[in-house]
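Asker: My structure is below; once you've seen it, I'll send some questions.
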Amino acid sequence: MSKNTVSARFRRVDVDEYDENKFVDEEDGGENQLGPDEAEVDSLIRQGNLTEALHAVLKNPPIDTKNQNVKDRAEGLVLKVLSAFKSSDIEKAVQSLDKNGVDLLMKYIYKGFEKPSENSSAVLLQWHEKALAAGGVGSIVRVLTARKTV
């Protein structure tokens with residue numbers, strides 16, 4: 001027979017801690033991510049080397065950071081690069097990206113659709129058409145189901 005039936009010590013144990021299906025958000029330490037180098041991208045745009053500017057702006061995406069200012073600055077920089085392209089050069093630029101690059105570009109395109117600015121929707125639709133041709137429907141599905149956003 002139990003000696004102390006009014007004890008509440010057993011209630012201090014967190015039984016969910018031992019559940020193997022418990023969701024734990026992964027922390028990758030993305031606080032030190034600064035996004036793409038704005039000076040490098042601006043100099044590449046001024047030189048007219050737009051494909052290299054696209055690669056530079058997609059090189060260091062702030063995916064793991066929680067700082068919204070860094071993400072907004074990177075989004076604005078990507079939109080600036082995308083707007084600098086002529087419509088005839090878009091397809092060559094998209095073809096120069098690998099699969100992960102096309103997926104990252106799609107993430108930025110959809111992020112741009114969330115907050116349209118003057119003439120950005122037309123530019124983004126042109127890029128979306130070419131990125132869809134390169135990445136297929138799988139690229140859209142990967143972007144829309146991704147947990148980490150830009």
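Residues in the structure tokens are numbered from 1 in each chain, the chains being A, B, ... in the order shown, and ligands are numbered from 1 in the order shown.
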Run DSSP on the backbone and give me the residues of stretch 60-138 of chain A it puts in alpha helix (DSSP H), as a PyMOL selection string.
Answerer: chain A and resi 68-84+90-95+99-114+120-138
Asker: Would you compute the distance between atom CA of A:Val70 and atom CA of A:Thr149? Give it in Å to one decimal.
Answerer: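 Atom CA of A:Thr149 lies 12.3 Å from atom CA of A:Val70.
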Asker: For a quick check of understanding, using only C-alpha atoms, which of A:Leu77, A:Val141, A:Val102, A:Leu125 has the smallest distance to A:Ala53?
Answerer: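 Checking each of A:Leu77, A:Val141, A:Val102, A:Leu125 against A:Ala53, counting only C-alpha atoms, the winner is A:Leu77.
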Asker: With a distance cut-off of 8 Å and only C-alpha atoms, select the neighbouring residues of A:Val123, excluding the residue or stretch itself and same-chain residues fewer than 4 positions from it, and output the selection as a PyMOL selection string.
Answerer: chain A and resi 82-83+119+127
Asker: Residues within 8 Å of stretch 109-116 of chain A, please, as a PDB file with C-alpha atoms, in the first residue's frame. Count only C-alpha atoms; anything in the same chain fewer than 6 positions from it doesn't count.
Answerer:
ATOM      1  CA  GLU A  75      14.895  40.172 -51.435  1.00  0.00           C
ATOM      2  CA  LEU A  79      14.602  41.997 -57.334  1.00  0.00           C
ATOM      3  CA  LEU A 124       8.707  38.271 -61.884  1.00  0.00           C
ATOM      4  CA  TRP A 127      11.367  34.993 -64.623  1.00  0.00           C
ATOM      5  CA  HIS A 128       8.748  32.544 -63.351  1.00  0.00           C
ATOM      6  CA  VAL A 150      14.108  33.439 -47.822  1.00  0.00           C
TER       7      VAL A 150
END
Asker: Closest to A:Asp98 among A:Ile140, A:Gln47, A:Ala131, A:Thr145, using only C-alpha atoms?
Answerer: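 Of all the options, A:Ala131 lies closest to A:Asp98.
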Asker: Which residues, written as a PDB file with all heavy atoms, in the first residue's frame, have at least one atom at most 9 Å from A:Pro62, with only C-alpha atoms counted and residues fewer than 3 positions away on the same chain left out?
Answerer:
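Written file, selection_27.pdb:
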ATOM      1  N   GLY A  30      21.815  30.409 -37.665  1.00  0.00           N
ATOM      2  CA  GLY A  30      21.822  31.284 -38.819  1.00  0.00           C
ATOM      3  C   GLY A  30      21.856  32.754 -38.467  1.00  0.00           C
ATOM      4  O   GLY A  30      21.640  33.597 -39.323  1.00  0.00           O
ATOM      5  N   GLN A  33      24.288  34.960 -40.540  1.00  0.00           N
ATOM      6  CA  GLN A  33      24.137  35.062 -41.985  1.00  0.00           C
ATOM      7  C   GLN A  33      23.773  36.494 -42.349  1.00  0.00           C
ATOM      8  O   GLN A  33      22.827  37.057 -41.813  1.00  0.00           O
ATOM      9  CB  GLN A  33      23.040  34.122 -42.491  1.00  0.00           C
ATOM     10  CG  GLN A  33      23.465  32.702 -42.602  1.00  0.00           C
ATOM     11  CD  GLN A  33      22.403  31.879 -43.306  1.00  0.00           C
ATOM     12  OE1 GLN A  33      21.236  32.184 -43.261  1.00  0.00           O
ATOM     13  NE2 GLN A  33      22.839  30.821 -43.956  1.00  0.00           N
ATOM     14  N   LEU A  34      24.508  37.064 -43.264  1.00  0.00           N
ATOM     15  CA  LEU A  34      24.289  38.450 -43.646  1.00  0.00           C
ATOM     16  C   LEU A  34      23.666  38.582 -45.015  1.00  0.00           C
ATOM     17  O   LEU A  34      23.376  39.683 -45.454  1.00  0.00           O
ATOM     18  CB  LEU A  34      25.614  39.213 -43.594  1.00  0.00           C
ATOM     19  CG  LEU A  34      26.304  39.228 -42.233  1.00  0.00           C
ATOM     20  CD1 LEU A  34      27.640  39.920 -42.325  1.00  0.00           C
ATOM     21  CD2 LEU A  34      25.422  39.903 -41.198  1.00  0.00           C
ATOM     22  N   GLY A  35      23.466  37.491 -45.711  1.00  0.00           N
ATOM     23  CA  GLY A  35      22.890  37.557 -47.038  1.00  0.00           C
ATOM     24  C   GLY A  35      23.948  37.861 -48.084  1.00  0.00           C
ATOM     25  O   GLY A  35      25.145  37.857 -47.816  1.00  0.00           O
ATOM     26  N   PRO A  36      23.508  38.166 -49.305  1.00  0.00           N
ATOM     27  CA  PRO A  36      24.464  38.439 -50.384  1.00  0.00           C
ATOM     28  C   PRO A  36      25.207  39.753 -50.170  1.00  0.00           C
ATOM     29  O   PRO A  36      24.715  40.657 -49.499  1.00  0.00           O
ATOM     30  CB  PRO A  36      23.572  38.505 -51.631  1.00  0.00           C
ATOM     31  CG  PRO A  36      22.198  38.703 -51.136  1.00  0.00           C
ATOM     32  CD  PRO A  36      22.133  38.170 -49.753  1.00  0.00           C
ATOM     33  N   THR A  65      18.438  32.491 -41.062  1.00  0.00           N
ATOM     34  CA  THR A  65      18.367  33.584 -40.103  1.00  0.00           C
ATOM     35  C   THR A  65      16.913  33.927 -39.783  1.00  0.00           C
ATOM     36  O   THR A  65      16.017  33.722 -40.588  1.00  0.00           O
ATOM     37  CB  THR A  65      19.104  34.833 -40.627  1.00  0.00           C
ATOM     38  OG1 THR A  65      19.120  35.803 -39.610  1.00  0.00           O
ATOM     39  CG2 THR A  65      18.429  35.405 -41.844  1.00  0.00           C
ATOM     40  N   LYS A  66      16.703  34.427 -38.584  1.00  0.00           N
ATOM     41  CA  LYS A  66      15.366  34.872 -38.164  1.00  0.00           C
ATOM     42  C   LYS A  66      15.229  36.387 -38.316  1.00  0.00           C
ATOM     43  O   LYS A  66      14.156  36.931 -38.106  1.00  0.00           O
ATOM     44  CB  LYS A  66      15.126  34.491 -36.706  1.00  0.00           C
ATOM     45  CG  LYS A  66      15.302  33.018 -36.420  1.00  0.00           C
ATOM     46  CD  LYS A  66      13.982  32.338 -36.345  1.00  0.00           C
ATOM     47  CE  LYS A  66      14.160  30.929 -35.827  1.00  0.00           C
ATOM     48  NZ  LYS A  66      13.876  29.932 -36.781  1.00  0.00           N
ATOM     49  N   ASN A  67      16.305  37.077 -38.683  1.00  0.00           N
ATOM     50  CA  ASN A  67      16.313  38.526 -38.817  1.00  0.00           C
ATOM     51  C   ASN A  67      15.597  38.926 -40.106  1.00  0.00           C
ATOM     52  O   ASN A  67      16.094  38.697 -41.208  1.00  0.00           O
ATOM     53  CB  ASN A  67      17.754  39.042 -38.831  1.00  0.00           C
ATOM     54  CG  ASN A  67      17.835  40.543 -38.759  1.00  0.00           C
ATOM     55  OD1 ASN A  67      16.837  41.243 -38.902  1.00  0.00           O
ATOM     56  ND2 ASN A  67      19.038  41.036 -38.519  1.00  0.00           N
ATOM     57  N   VAL A  70      17.412  41.391 -42.685  1.00  0.00           N
ATOM     58  CA  VAL A  70      18.389  40.771 -43.593  1.00  0.00           C
ATOM     59  C   VAL A  70      17.657  40.122 -44.761  1.00  0.00           C
ATOM     60  O   VAL A  70      18.070  40.248 -45.919  1.00  0.00           O
ATOM     61  CB  VAL A  70      19.247  39.741 -42.833  1.00  0.00           C
ATOM     62  CG1 VAL A  70      20.136  38.958 -43.776  1.00  0.00           C
ATOM     63  CG2 VAL A  70      20.076  40.425 -41.774  1.00  0.00           C
ATOM     64  N   LYS A  71      16.545  39.446 -44.478  1.00  0.00           N
ATOM     65  CA  LYS A  71      15.781  38.789 -45.541  1.00  0.00           C
ATOM     66  C   LYS A  71      15.181  39.812 -46.503  1.00  0.00           C
ATOM     67  O   LYS A  71      15.191  39.613 -47.719  1.00  0.00           O
ATOM     68  CB  LYS A  71      14.682  37.926 -44.931  1.00  0.00           C
ATOM     69  CG  LYS A  71      15.210  36.685 -44.239  1.00  0.00           C
ATOM     70  CD  LYS A  71      14.096  35.807 -43.761  1.00  0.00           C
ATOM     71  CE  LYS A  71      14.653  34.531 -43.162  1.00  0.00           C
ATOM     72  NZ  LYS A  71      13.691  33.465 -43.078  1.00  0.00           N
ATOM     73  N   ALA A  74      17.926  41.235 -48.746  1.00  0.00           N
ATOM     74  CA  ALA A  74      18.316  40.265 -49.771  1.00  0.00           C
ATOM     75  C   ALA A  74      17.244  40.175 -50.856  1.00  0.00           C
ATOM     76  O   ALA A  74      17.564  40.092 -52.050  1.00  0.00           O
ATOM     77  CB  ALA A  74      18.539  38.889 -49.142  1.00  0.00           C
ATOM     78  N   THR A 149      12.437  29.583 -45.404  1.00  0.00           N
ATOM     79  CA  THR A 149      12.097  30.586 -46.399  1.00  0.00           C
ATOM     80  C   THR A 149      13.218  31.603 -46.539  1.00  0.00           C
ATOM     81  O   THR A 149      14.098  31.694 -45.694  1.00  0.00           O
ATOM     82  CB  THR A 149      10.804  31.331 -46.020  1.00  0.00           C
ATOM     83  OG1 THR A 149      11.004  31.974 -44.755  1.00  0.00           O
ATOM     84  CG2 THR A 149       9.642  30.373 -45.929  1.00  0.00           C
ATOM     85  N   VAL A 150      13.144  32.368 -47.618  1.00  0.00           N
ATOM     86  CA  VAL A 150      14.108  33.439 -47.822  1.00  0.00           C
ATOM     87  C   VAL A 150      13.527  34.750 -47.363  1.00  0.00           C
ATOM     88  O   VAL A 150      12.365  34.919 -47.195  1.00  0.00           O
ATOM     89  CB  VAL A 150      14.534  33.555 -49.302  1.00  0.00           C
ATOM     90  CG1 VAL A 150      15.374  32.372 -49.679  1.00  0.00           C
ATOM     91  CG2 VAL A 150      13.355  33.692 -50.216  1.00  0.00           C
TER      92      VAL A 150
END
Asker: Env of A:Leu144: 10 Å cut, atoms = only C-alpha atoms, seq-sep filter 6 positions within chain, self excluded. Answer as a list in words.
Answerer: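 My list of contacting residues is Met106, Lys107, Tyr110 and Gly138 of chain A.
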Asker: From the list A:Gln126, A:Ser43, A:Ser117, A:Asn21, which residue is nearest A:Ile90 when using only C-alpha atoms?
Answerer: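 Under the stated criterion, the closest residue is A:Gln126.
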